[in-house]
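Participant: Sharing a structure below in structure tokens format, with a few things to ask.
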Amino acid sequence: MDPIIIVGTQKTPTVNFNSNGKIEIKGRSIPENSIEFYKPLVDWLEAYSSKPQELTEVNVQLEYFNTSSSKCILDVFKKLESISKAGNNVIVNWYYEEDDEDMLEAGEDYQSIIKIPFKMVEITE
Amino acid sequence: MNIVQGYKQFNFQEWLNKVPKEKIIFAYNGNITSDIVTNLLNVLETKFEGLDISTKSIKVIYNVLVEVLQNLYHHSSHNIIENINNKDVKWAAFILFKNNDYFTLSTGNFIEKKNVGILKEKIEYINSLTKDEIKEYYIKILNNAQYSEKGGGGLGLIDIAKKTGSKLEYNFFDFNNEYSFYNLNINIL
């Protein structure tokens, strides 16, 4: 299947979703209505879930995301969770900047809801 | 600035003037569109660089601004003051200012009176929660898979309370038969 490659803007993240199992969301996610942005990503994961790689590695590195995005990001994680539940390996690397406790906490919030291994990765400049 | 004749309980200019000018970091009143929100955030980010505050504080303030502007974008009414009948364009005001050892973000927008009750209840509920309860509530609403028709998700105020650890201060000023002026003050330490 075709990859999704989206260049980031001031309000929307850079996205790379590849059927080789590499999933990446990076930058800022602060559009007022995130549903429009995230729907194609969730749809792509739905299609990917019918034939996923043995290992899907998800890298999320966000500087900011608004609450509108947080629900959509959860939808992305729920799709990944169903891929994991079907017996495939999925891991999430959640990046946060040094001292950004809010971002670390956000990762931990998702970790508590979603049954996939999360790794919290601190970025030190 | 004129207010609609005959309704003088709330005066927007007076409200704006309450904050001493020398304390104001940034003030805006006008239309709220997606592009305007983007521009405001860009300007504000530049302003922060000139302030003597930690990167951590900047992040909290910026996060609160993003949420506030998102809320204003979704929930404000149009420009009632100038009695403009173009109901499609949202209008709001906000002032970011230095307040003793902390910052205050004060917002104002018109809302229909019929929505005041629910909003007030929501704020009061959030204010009644402890830090741990806010976190639990946030996760609960996050996980409930409901999106408001405006794509908001219902999390904005909870997130603001969570990130600032402050109680939300609010006022509803009677404006006319149909509308109130809703003022929210968020203290960011």
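Identifiers in this document derive from the order of the structure tokens: chains are assigned A, B, ..., residues are numbered from 1 separately in each chain, and ligands are numbered from 1 in order of occurrence.
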Contacts from chain A to chain B, 10 Å maximum, only C-alpha atoms: show me the residue list as a ChimeraX atom specification.

Facilitator: /A:10-11,30-36,63-72,74-75,98-102,105-106,109-110,112-113

Participant: Any chance you can output those residues with N, CA and C atoms as a compact mmCIF listing (two decimals), in the first residue's frame?

Facilitator:
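Saved as out-v9.txt:
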# COMPACT_ATOMS: atom_id res chain seq x y z
N GLN A 10 2.79 24.88 10.49
CA GLN A 10 2.84 25.51 11.82
C GLN A 10 1.88 24.83 12.79
N LYS A 11 0.83 24.24 12.26
CA LYS A 11 -0.17 23.67 13.15
C LYS A 11 -0.36 22.16 13.02
N ILE A 30 -1.73 21.16 16.38
CA ILE A 30 -2.62 22.12 17.05
C ILE A 30 -3.70 22.71 16.12
N PRO A 31 -4.21 21.93 15.16
CA PRO A 31 -5.28 22.50 14.35
C PRO A 31 -6.57 22.55 15.17
N GLU A 32 -7.48 23.46 14.83
CA GLU A 32 -8.70 23.59 15.63
C GLU A 32 -9.58 22.35 15.51
N ASN A 33 -9.63 21.82 14.33
CA ASN A 33 -10.42 20.61 14.15
C ASN A 33 -9.53 19.52 13.58
N SER A 34 -9.11 18.65 14.46
CA SER A 34 -8.14 17.64 14.06
C SER A 34 -8.72 16.48 13.29
N ILE A 35 -10.03 16.32 13.40
CA ILE A 35 -10.64 15.12 12.79
C ILE A 35 -10.29 15.02 11.31
N GLU A 36 -10.39 16.16 10.62
CA GLU A 36 -10.07 16.19 9.19
C GLU A 36 -8.67 15.69 8.90
N GLU A 63 5.95 18.41 19.90
CA GLU A 63 6.34 19.52 20.76
C GLU A 63 5.10 20.05 21.49
N TYR A 64 3.99 20.12 20.75
CA TYR A 64 2.71 20.54 21.33
C TYR A 64 1.61 19.75 20.65
N PHE A 65 0.58 19.40 21.40
CA PHE A 65 -0.63 18.97 20.73
C PHE A 65 -1.83 19.45 21.54
N ASN A 66 -2.86 19.87 20.85
CA ASN A 66 -4.03 20.40 21.54
C ASN A 66 -5.00 19.28 21.87
N THR A 67 -6.04 19.61 22.61
CA THR A 67 -6.97 18.56 23.05
C THR A 67 -7.76 18.00 21.88
N SER A 68 -7.97 18.81 20.87
CA SER A 68 -8.64 18.29 19.69
C SER A 68 -7.82 17.15 19.08
N SER A 69 -6.52 17.33 19.04
CA SER A 69 -5.62 16.29 18.53
C SER A 69 -5.55 15.09 19.46
N SER A 70 -5.65 15.34 20.76
CA SER A 70 -5.41 14.24 21.70
C SER A 70 -6.41 13.10 21.50
N LYS A 71 -7.64 13.46 21.16
CA LYS A 71 -8.62 12.41 20.90
C LYS A 71 -8.29 11.65 19.62
N CYS A 72 -7.86 12.39 18.63
CA CYS A 72 -7.51 11.76 17.35
C CYS A 72 -6.28 10.87 17.49
N LEU A 74 -5.47 9.34 20.14
CA LEU A 74 -5.97 8.14 20.81
C LEU A 74 -6.57 7.17 19.80
N ASP A 75 -7.30 7.69 18.82
CA ASP A 75 -7.86 6.85 17.77
C ASP A 75 -6.77 6.11 17.01
N GLU A 98 13.52 17.21 27.41
CA GLU A 98 14.01 17.30 28.78
C GLU A 98 13.16 18.31 29.56
N ASP A 99 12.72 17.99 30.73
CA ASP A 99 11.93 18.90 31.57
C ASP A 99 10.49 19.10 31.11
N ASP A 100 10.07 18.49 30.02
CA ASP A 100 8.68 18.67 29.62
C ASP A 100 7.82 17.60 30.28
N GLU A 101 7.48 17.87 31.54
CA GLU A 101 6.72 16.89 32.30
C GLU A 101 5.33 16.66 31.74
N ASP A 102 4.76 17.71 31.17
CA ASP A 102 3.41 17.57 30.61
C ASP A 102 3.40 16.57 29.45
N GLU A 105 3.85 13.13 30.84
CA GLU A 105 2.59 12.71 31.44
C GLU A 105 1.57 12.31 30.38
N ALA A 106 1.55 13.03 29.29
CA ALA A 106 0.63 12.71 28.20
C ALA A 106 0.92 11.32 27.67
N ASP A 109 -0.36 8.86 30.11
CA ASP A 109 -1.82 8.77 30.02
C ASP A 109 -2.21 7.77 28.93
N TYR A 110 -1.60 7.91 27.76
CA TYR A 110 -1.91 6.98 26.67
C TYR A 110 -1.49 5.56 27.05
N SER A 112 -1.53 4.25 29.85
CA SER A 112 -2.47 3.65 30.80
C SER A 112 -3.75 3.20 30.13
N ILE A 113 -4.05 3.78 28.97
CA ILE A 113 -5.29 3.42 28.27
C ILE A 113 -5.06 2.31 27.25

Participant: With only C-alpha atoms as the counted atoms, please give the residues lying no more than 9 Å from Glu112 in chain B, apart from itself and same-chain residues fewer than 4 positions off, as a VMD selection string.

Facilitator: chain B and resid 77 116 178 to 181

Participant: Looking only at the backbone, which of the residues in chain A does DSSP tag as strand (DSSP E or B), as a PyMOL selection string?

Facilitator: chain A and resi 4-6+14-17+22-29+55-65+89-97+118-123

Participant: Just C-alpha atoms for this one: save the residues we selected as a PDB file, in the first residue's frame.

Facilitator:
ATOM      1  CA  ILE A   4       1.398   8.501   3.789  1.00  0.00           C
ATOM      2  CA  ILE A   5       3.900  11.327   3.685  1.00  0.00           C
ATOM      3  CA  ILE A   6       2.727  14.679   5.004  1.00  0.00           C
ATOM      4  CA  THR A  14       4.984  15.740   9.813  1.00  0.00           C
ATOM      5  CA  VAL A  15       3.630  12.283   9.165  1.00  0.00           C
ATOM      6  CA  ASN A  16       5.282   9.211   7.707  1.00  0.00           C
ATOM      7  CA  PHE A  17       3.266   6.008   7.654  1.00  0.00           C
ATOM      8  CA  LYS A  22       7.566   2.464  10.371  1.00  0.00           C
ATOM      9  CA  ILE A  23       5.007   4.899  11.691  1.00  0.00           C
ATOM     10  CA  GLU A  24       5.993   8.441  12.586  1.00  0.00           C
ATOM     11  CA  ILE A  25       4.209  11.558  13.812  1.00  0.00           C
ATOM     12  CA  LYS A  26       6.459  14.501  14.542  1.00  0.00           C
ATOM     13  CA  GLY A  27       6.205  18.244  15.204  1.00  0.00           C
ATOM     14  CA  ARG A  28       3.148  20.193  16.341  1.00  0.00           C
ATOM     15  CA  SER A  29      -0.442  19.117  16.227  1.00  0.00           C
ATOM     16  CA  LEU A  55       6.898  -5.476  13.942  1.00  0.00           C
ATOM     17  CA  THR A  56       5.299  -2.054  13.751  1.00  0.00           C
ATOM     18  CA  GLU A  57       7.440   0.654  15.283  1.00  0.00           C
ATOM     19  CA  VAL A  58       5.691   3.897  16.138  1.00  0.00           C
ATOM     20  CA  ASN A  59       7.621   7.068  16.842  1.00  0.00           C
ATOM     21  CA  VAL A  60       5.700  10.000  18.270  1.00  0.00           C
ATOM     22  CA  GLN A  61       7.643  13.176  18.841  1.00  0.00           C
ATOM     23  CA  LEU A  62       5.379  16.134  19.427  1.00  0.00           C
ATOM     24  CA  GLU A  63       6.336  19.522  20.760  1.00  0.00           C
ATOM     25  CA  TYR A  64       2.706  20.537  21.333  1.00  0.00           C
ATOM     26  CA  PHE A  65      -0.634  18.975  20.729  1.00  0.00           C
ATOM     27  CA  ASN A  89       4.305  -6.757  17.639  1.00  0.00           C
ATOM     28  CA  VAL A  90       3.721  -3.066  18.038  1.00  0.00           C
ATOM     29  CA  ILE A  91       5.904  -0.730  20.049  1.00  0.00           C
ATOM     30  CA  VAL A  92       5.531   2.969  20.674  1.00  0.00           C
ATOM     31  CA  ASN A  93       8.431   5.311  21.300  1.00  0.00           C
ATOM     32  CA  TRP A  94       7.038   8.451  22.945  1.00  0.00           C
ATOM     33  CA  TYR A  95       9.538  11.290  22.813  1.00  0.00           C
ATOM     34  CA  TYR A  96       9.519  14.216  25.172  1.00  0.00           C
ATOM     35  CA  GLU A  97      11.903  17.103  25.688  1.00  0.00           C
ATOM     36  CA  PHE A 118       5.291   2.310  25.374  1.00  0.00           C
ATOM     37  CA  LYS A 119       8.805   3.518  25.769  1.00  0.00           C
ATOM     38  CA  MET A 120       9.288   7.047  27.125  1.00  0.00           C
ATOM     39  CA  VAL A 121      12.301   8.597  25.446  1.00  0.00           C
ATOM     40  CA  GLU A 122      13.754  11.792  26.838  1.00  0.00           C
ATOM     41  CA  ILE A 123      15.346  14.134  24.319  1.00  0.00           C
TER      42      ILE A 123
END

Participant: To one decimal place, how far is CA of Glu22 in chain B from CA of Leu189 in chain B in Å?

Facilitator: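 Interatomic distance here is 19.1 Å.
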
Participant: Neighbouring residues of Gly108 in chain B were defined as those with any atom within 9 Å, considering only C-alpha atoms; residues of the same chain fewer than 4 positions away were excluded. Please report them as a list in words.

Facilitator: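 Contacts, with the query itself left out: Asn29, Leu72, Ser76, Ala92, Ala93, Phe94, Ile95, Phe181, Tyr182, Asn183, Leu184 and Asn185 of chain B.
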